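*Asks:* Right, I'll just put the structure down here and ask away after.
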Amino acid sequence: MKVVVITGPTACGKSDIGIKLAKKFNGEIISADSRQVYKKMDIGTGKVTGKTDLSYFLDIPPKLYPFISEGINHWLIDILNPSEQFSVADFQKYAEAIEQNIKERKKNPFIVGGTGFFIRSLTEGLLFPNAKVTEETKNYVESMTYEDALTKLLNLQNNAEEFIDIKNPRRVQRALSLLLSGMNNLSEMRMHKKPIAEYLVIGITYERETINQRILKRLDNRLNQGMVKEIELLLKNKDVTPERLDDFGLEYRWIGRFATGQITYNEMHEKLYTEICRFAKRQMTWFKKYCNVIWLNDEKQIIEMVDKFLKEI
RNA sequence: GGGUAGUUGGCCGAGUGGCUAAUGGCAUCAGACUGUAAAUCUGACACGCAUCGCGUUACGGUGGUUCGAAUCCAUCACUGCCCA
C-alpha cells in the first residue's frame, strides 16, 4: 500500500495542496492534526470549510463520519468534543484503519497535517506500550510532586534517563504510570513494527522570514473572521474549561487568556504571533530529525512526484 | 528656577561596597520528545580565545573615595513627578 503524506510547518498551505492532490488522484484525506479532531474549534485550527456528512460512516471502533470539503472526504476532523482526549495511539489506530478502508474502496489516502508525532507513528510504525494505565494510577501519579515521581521512577528503574527525559515532568509521569501498570522496562517504549504502508512524505515550507510573514497575515485574517468570538463561545457554552483552553496552546491558550481577562488584546496579539512563529520552528526541528521529508513547494513538482510514486509498483 | 525619584545587559526589571558578567521575566537562537505533541521540556544568550577555564570591556558621562564600586561622594547630561 502506498500513502502520500503532506506535511510542513503551520501556515504553509498544506490543506490546499491536500485537496488538490485528492481531487487529481482520486483521493481522500486523513487529517494528521491534533487539534482539528475537535468540533467547534474551526477558525483557530485552520480547519478547511465544510461539514460532517452523517449519511455514512466507517465502522472503525466508534463511528467515524467524513468531513466533506470541496467534495473531498476528510477523516479525523470534528470527531470529538473539545473536552475529550485524543492521543497519538488513537491517531495511529484510526489512521491505519482508515488508510486500509480507503484502499479497499480503490481510492488513495492522503495524510495531511502538521503534527509530526502523529505522522511518525505511521511512517515508523511506532508501537505503543500496551500496558493499560488506569485512571486511578494516572491520577495518583499526577498528584505527586515532580521530585517524588522522579525518585519513585528511579527506584523502579535506575537507568530511566536512558529512555526518557527525566527533566520533563510529563515524561516522568508517563514512564512511572507505565511501570506501575505492568510494564517491566522502559525499553519497551522503543518498539517498532513494520509500517503498514509505504509512505512518501512531502513537506511544504518556506524560509523562516516568509513563514513568519504568512503567520502574521493569517493571524490577522483569523481575528477578522471572528476567532475571538469562537473561543468566547466555547467558554460560554462550557464546551471547555479555561484550563483546557490553556492546554490546547496557541490561539486557544492566548485568546482564552484574553477572554478571561488575564491579558490585554495587544498582549494577546503579540504573544500569539511570537508563539506561532516558535511553534513553526519547533515543527521544523522535528521534521528535520524524524520524518524523512522531501521538501518541495512547487505545486507542479509535487504533483509529478506523487504521480510517479503512485504509479511505481 | 526649586524640590524629588530615577538612568542596569535587545526590552522589562532585581541588586545598594567584595560571594556580581550581574537574580528573574520577556524576546532571540539551538535542541529534546513512543499515549496531553498547537502540549511538555532542555541548553545558550557582553565580547574574544576556548575543555572545565582564561582574558577583555560593562550597570547614563566624567572625576573622586577605597585594597576593592553597578553599589559611596562630586559634577554634568537626560527622564518622570511635585512646587513655582
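How things are named: the first chain in the C-alpha cells is A, the next is B, and so on; residues count from 1 in each chain; ligands count from 1 in the order shown.
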Give me the residues within 12 Å of B:G68 as an MDAnalysis selection string, counting only C-alpha atoms (C1' of nucleotides) and dropping any in the same chain fewer than 3 places off.
*Replies:* chainID B and resid 17:18 65
*Asks:* For a quick test of understanding: name the residues of chain B lying within 9 Å of chain A when counting only C-alpha atoms (C1' of nucleotides), and present them as a list of chain:residue names.
*Replies:*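 Putting it all together, I get B:A27, B:G31, B:A32, B:C33, B:U34, B:G35, B:U36, B:A37, B:A38, B:A39, B:U40, B:C41, B:U42.
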*Asks:* The selected residues should be written to file as a PDB file, in the first residue's frame (atoms: N, CA and C atoms (P, O5', C5', C4', C3', O3' and C1' of nucleotides)).
*Replies:*
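Resulting contents of part-v3.pdb:
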ATOM      1  P     A B  27       8.402  35.407  25.094  1.00  0.00           P
ATOM      2  O5'   A B  27       9.437  36.213  24.192  1.00  0.00           O
ATOM      3  C5'   A B  27       8.970  37.246  23.327  1.00  0.00           C
ATOM      4  C4'   A B  27      10.152  37.912  22.669  1.00  0.00           C
ATOM      5  C3'   A B  27      11.039  37.002  21.844  1.00  0.00           C
ATOM      6  O3'   A B  27      10.512  36.789  20.553  1.00  0.00           O
ATOM      7  C1'   A B  27      12.382  38.334  23.231  1.00  0.00           C
ATOM      8  P     G B  31      18.389  22.977  15.686  1.00  0.00           P
ATOM      9  O5'   G B  31      18.216  22.043  16.974  1.00  0.00           O
ATOM     10  C5'   G B  31      19.294  21.238  17.414  1.00  0.00           C
ATOM     11  C4'   G B  31      19.044  20.780  18.827  1.00  0.00           C
ATOM     12  C3'   G B  31      17.916  19.781  19.069  1.00  0.00           C
ATOM     13  O3'   G B  31      18.271  18.474  18.668  1.00  0.00           O
ATOM     14  C1'   G B  31      17.923  21.393  20.775  1.00  0.00           C
ATOM     15  P     A B  32      17.165  17.391  18.338  1.00  0.00           P
ATOM     16  O5'   A B  32      16.625  16.997  19.787  1.00  0.00           O
ATOM     17  C5'   A B  32      17.475  16.335  20.710  1.00  0.00           C
ATOM     18  C4'   A B  32      16.711  16.100  21.976  1.00  0.00           C
ATOM     19  C3'   A B  32      15.493  15.196  21.827  1.00  0.00           C
ATOM     20  O3'   A B  32      15.888  13.847  21.914  1.00  0.00           O
ATOM     21  C1'   A B  32      14.916  17.104  23.100  1.00  0.00           C
ATOM     22  P     C B  33      15.139  12.803  20.970  1.00  0.00           P
ATOM     23  O5'   C B  33      13.650  12.828  21.540  1.00  0.00           O
ATOM     24  C5'   C B  33      13.397  12.405  22.878  1.00  0.00           C
ATOM     25  C4'   C B  33      11.974  12.740  23.230  1.00  0.00           C
ATOM     26  C3'   C B  33      10.951  12.228  22.221  1.00  0.00           C
ATOM     27  O3'   C B  33      10.618  10.887  22.564  1.00  0.00           O
ATOM     28  C1'   C B  33      10.485  14.481  22.758  1.00  0.00           C
ATOM     29  P     U B  34      10.416   9.839  21.404  1.00  0.00           P
ATOM     30  O5'   U B  34       9.053   9.105  21.705  1.00  0.00           O
ATOM     31  C5'   U B  34       7.876   9.832  21.885  1.00  0.00           C
ATOM     32  C4'   U B  34       6.814   8.791  22.092  1.00  0.00           C
ATOM     33  C3'   U B  34       6.912   8.180  23.479  1.00  0.00           C
ATOM     34  O3'   U B  34       5.655   8.397  24.053  1.00  0.00           O
ATOM     35  C1'   U B  34       6.952   6.496  21.767  1.00  0.00           C
ATOM     36  P     G B  35       4.873   8.174  25.308  1.00  0.00           P
ATOM     37  O5'   G B  35       3.334   8.175  24.873  1.00  0.00           O
ATOM     38  C5'   G B  35       2.857   8.996  23.787  1.00  0.00           C
ATOM     39  C4'   G B  35       1.390   9.273  24.070  1.00  0.00           C
ATOM     40  C3'   G B  35       1.176   9.416  25.580  1.00  0.00           C
ATOM     41  O3'   G B  35       0.767  10.682  26.027  1.00  0.00           O
ATOM     42  C1'   G B  35      -0.197   7.666  24.620  1.00  0.00           C
ATOM     43  P     U B  36       1.055  11.963  25.512  1.00  0.00           P
ATOM     44  O5'   U B  36      -0.273  12.793  25.803  1.00  0.00           O
ATOM     45  C5'   U B  36      -1.381  12.824  24.910  1.00  0.00           C
ATOM     46  C4'   U B  36      -2.014  14.196  25.090  1.00  0.00           C
ATOM     47  C3'   U B  36      -1.134  15.320  24.559  1.00  0.00           C
ATOM     48  O3'   U B  36      -1.873  16.177  23.719  1.00  0.00           O
ATOM     49  C1'   U B  36      -1.613  15.623  26.890  1.00  0.00           C
ATOM     50  P     A B  37      -1.935  15.882  22.193  1.00  0.00           P
ATOM     51  O5'   A B  37      -0.608  16.536  21.586  1.00  0.00           O
ATOM     52  C5'   A B  37      -0.536  17.955  21.461  1.00  0.00           C
ATOM     53  C4'   A B  37       0.792  18.292  20.824  1.00  0.00           C
ATOM     54  C3'   A B  37       0.963  17.691  19.416  1.00  0.00           C
ATOM     55  O3'   A B  37       1.722  18.559  18.599  1.00  0.00           O
ATOM     56  C1'   A B  37       2.628  16.882  20.863  1.00  0.00           C
ATOM     57  P     A B  38       0.911  19.528  17.638  1.00  0.00           P
ATOM     58  O5'   A B  38       0.856  20.941  18.348  1.00  0.00           O
ATOM     59  C5'   A B  38       2.036  21.840  18.303  1.00  0.00           C
ATOM     60  C4'   A B  38       1.649  23.050  19.072  1.00  0.00           C
ATOM     61  C3'   A B  38       0.980  22.676  20.376  1.00  0.00           C
ATOM     62  O3'   A B  38       1.702  22.908  21.554  1.00  0.00           O
ATOM     63  C1'   A B  38      -0.557  23.803  18.896  1.00  0.00           C
ATOM     64  P     A B  39       1.969  24.393  22.199  1.00  0.00           P
ATOM     65  O5'   A B  39       1.630  23.992  23.702  1.00  0.00           O
ATOM     66  C5'   A B  39       0.351  23.547  24.076  1.00  0.00           C
ATOM     67  C4'   A B  39       0.449  22.241  24.863  1.00  0.00           C
ATOM     68  C3'   A B  39       1.620  22.116  25.819  1.00  0.00           C
ATOM     69  O3'   A B  39       1.355  22.803  27.026  1.00  0.00           O
ATOM     70  C1'   A B  39       1.405  20.133  24.591  1.00  0.00           C
ATOM     71  P     U B  40       2.522  23.650  27.679  1.00  0.00           P
ATOM     72  O5'   U B  40       3.561  22.516  28.064  1.00  0.00           O
ATOM     73  C5'   U B  40       3.243  21.548  29.058  1.00  0.00           C
ATOM     74  C4'   U B  40       4.323  20.504  29.102  1.00  0.00           C
ATOM     75  C3'   U B  40       5.733  21.044  29.288  1.00  0.00           C
ATOM     76  O3'   U B  40       5.997  21.387  30.628  1.00  0.00           O
ATOM     77  C1'   U B  40       5.738  19.390  27.600  1.00  0.00           C
ATOM     78  P     C B  41       6.919  22.578  30.981  1.00  0.00           P
ATOM     79  O5'   C B  41       8.348  21.986  30.586  1.00  0.00           O
ATOM     80  C5'   C B  41       8.864  20.885  31.315  1.00  0.00           C
ATOM     81  C4'   C B  41      10.038  20.301  30.589  1.00  0.00           C
ATOM     82  C3'   C B  41      11.257  21.200  30.414  1.00  0.00           C
ATOM     83  O3'   C B  41      11.996  21.299  31.607  1.00  0.00           O
ATOM     84  C1'   C B  41      10.858  20.004  28.425  1.00  0.00           C
ATOM     85  P     U B  42      12.928  22.554  31.834  1.00  0.00           P
ATOM     86  O5'   U B  42      14.179  22.181  30.911  1.00  0.00           O
ATOM     87  C5'   U B  42      14.954  21.020  31.198  1.00  0.00           C
ATOM     88  C4'   U B  42      16.084  20.920  30.203  1.00  0.00           C
ATOM     89  C3'   U B  42      16.954  22.158  30.061  1.00  0.00           C
ATOM     90  O3'   U B  42      17.909  22.216  31.104  1.00  0.00           O
ATOM     91  C1'   U B  42      16.430  21.343  27.933  1.00  0.00           C
TER      92        U B  42
END
*Asks:* Running DSSP on the backbone, which parts of stretch 36-235 of chain A land in alpha helix (DSSP H), as a PyMOL selection string?
*Replies:* chain A and resi 88-104+116-123+135-143+146-156+169-180+208-224+227-235
*Asks:* Please provide as a PyMOL selection string all residues within 10 Å of A:Glu161, with the sequence filter that same-chain residues fewer than 6 positions apart are discarded (counting only C-alpha atoms (C1' of nucleotides)).
*Replies:* chain A and resi 153-154+167+172+186
*Asks:* Given the selection you just returned, output its residues as a file containing C-alpha atoms, formatted as a compact mmCIF listing (two decimals), in the first residue's frame.
*Replies:*
# COMPACT_ATOMS: atom_id res chain seq x y z
CA LEU A 153 10.67 6.23 38.91
CA LEU A 154 14.39 5.86 39.52
CA LYS A 167 13.84 16.64 33.46
CA VAL A 172 8.44 11.18 34.18
CA LEU A 186 11.13 1.40 29.80
*Asks:* Just want the 12 Å neighbourhood of B:A21, counted on only C-alpha atoms (C1' of nucleotides), with same-chain residues fewer than 4 positions away dropped. Output as a ChimeraX atom specification.
*Replies:* /B:9,46-47,56-59,70
*Asks:* Going by DSSP on the backbone, which residues of stretch 129-232 of chain A come out as strand (DSSP E)? List them as a list of chain:residue names.
*Replies:*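 Matching residues for strand (DSSP E) in stretch 129-232 of chain A are A:Glu198, A:Tyr199, A:Leu200, A:Val201, A:Ile202, A:Gly203.
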*Asks:* Kindly export the residues of the current selection with N, CA and C atoms, as a CSV table (one decimal), in the first residue's frame.
*Replies:*
chain,number,residue,atom,x,y,z
A,198,GLU,N,3.8,2.0,2.5
A,198,GLU,CA,5.0,2.7,2.1
A,198,GLU,C,4.6,4.2,2.0
A,199,TYR,N,5.3,5.0,2.7
A,199,TYR,CA,4.9,6.4,2.8
A,199,TYR,C,5.9,7.3,2.0
A,200,LEU,N,5.3,8.2,1.3
A,200,LEU,CA,6.0,9.3,0.6
A,200,LEU,C,5.7,10.6,1.4
A,201,VAL,N,6.7,11.1,2.1
A,201,VAL,CA,6.4,12.3,2.9
A,201,VAL,C,6.9,13.6,2.2
A,202,ILE,N,6.0,14.4,1.8
A,202,ILE,CA,6.3,15.7,1.1
A,202,ILE,C,6.1,16.8,2.1
A,203,GLY,N,7.1,17.7,2.2
A,203,GLY,CA,6.9,18.8,3.1
A,203,GLY,C,6.9,20.1,2.3
*Asks:* Skip A:Phe25 itself and residues of its chain fewer than 6 positions away, then list as a PDB file with C-alpha atoms, in the first residue's frame all residues within 9 Å of it, counting only C-alpha atoms (C1' of nucleotides).
*Replies:*
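Output below, filename result18.pdb:
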ATOM      1  CA  LYS A 107      -9.038   5.264  -3.672  1.00  0.00           C
ATOM      2  CA  ASN A 108      -5.835   6.891  -2.470  1.00  0.00           C
ATOM      3  CA  VAL A 306       3.047  11.982  -6.306  1.00  0.00           C
ATOM      4  CA  ASP A 307       2.132  10.716  -9.718  1.00  0.00           C
ATOM      5  CA  LEU A 310       1.658   6.140  -7.034  1.00  0.00           C
TER       6      LEU A 310
END
*Asks:* Work out how far atom CA of A:Lys103 is from atom CA of A:Ala22, in Å to one decimal.
*Replies:*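 Interatomic distance, atom CA of A:Ala22 to atom CA of A:Lys103: 13.3 Å.
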*Asks:* Which residues, written as a ChimeraX atom specification, have at least one atom at most 10 Å from stretch 70-75 of chain A, with only C-alpha atoms (C1' of nucleotides) counted and residues fewer than 2 positions away on the same chain left out?
*Replies:* /A:18-20,22-23,26-32,37,48-53,58,64-68,77-79,94-95,98-99,109-112
*Asks:* Could you name the residues that touch A:Ile196 at 9 Å or less, counting only C-alpha atoms (C1' of nucleotides), but leaving out those on the same chain fewer than 5 positions away, as a list in words?
*Replies:* Met1, Glu96, Gln100, Leu122, Thr123 and Gly125 of chain A
*Asks:* What is the atom CA of A:Thr210 to atom CA of A:Gly113 distance in Å?
*Replies:*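 About the pair atom CA of A:Thr210 and atom CA of A:Gly113: they are 19.4 Å apart.
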*Asks:* I need the residue nearest A:Leu234 from this list: A:Gln173, A:Asn292, A:Ser181, A:Ser83. Use only C-alpha atoms for the distance.
*Replies:*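 Smallest distance to A:Leu234 is found for A:Ser83.
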*Asks:* Which one is closest to A:Tyr290: A:Ala11, A:Ile119, A:Met183, A:Ile215? Count only C-alpha atoms.
*Replies:*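 The shortest atom-to-atom distance to A:Tyr290 comes from A:Ile119.
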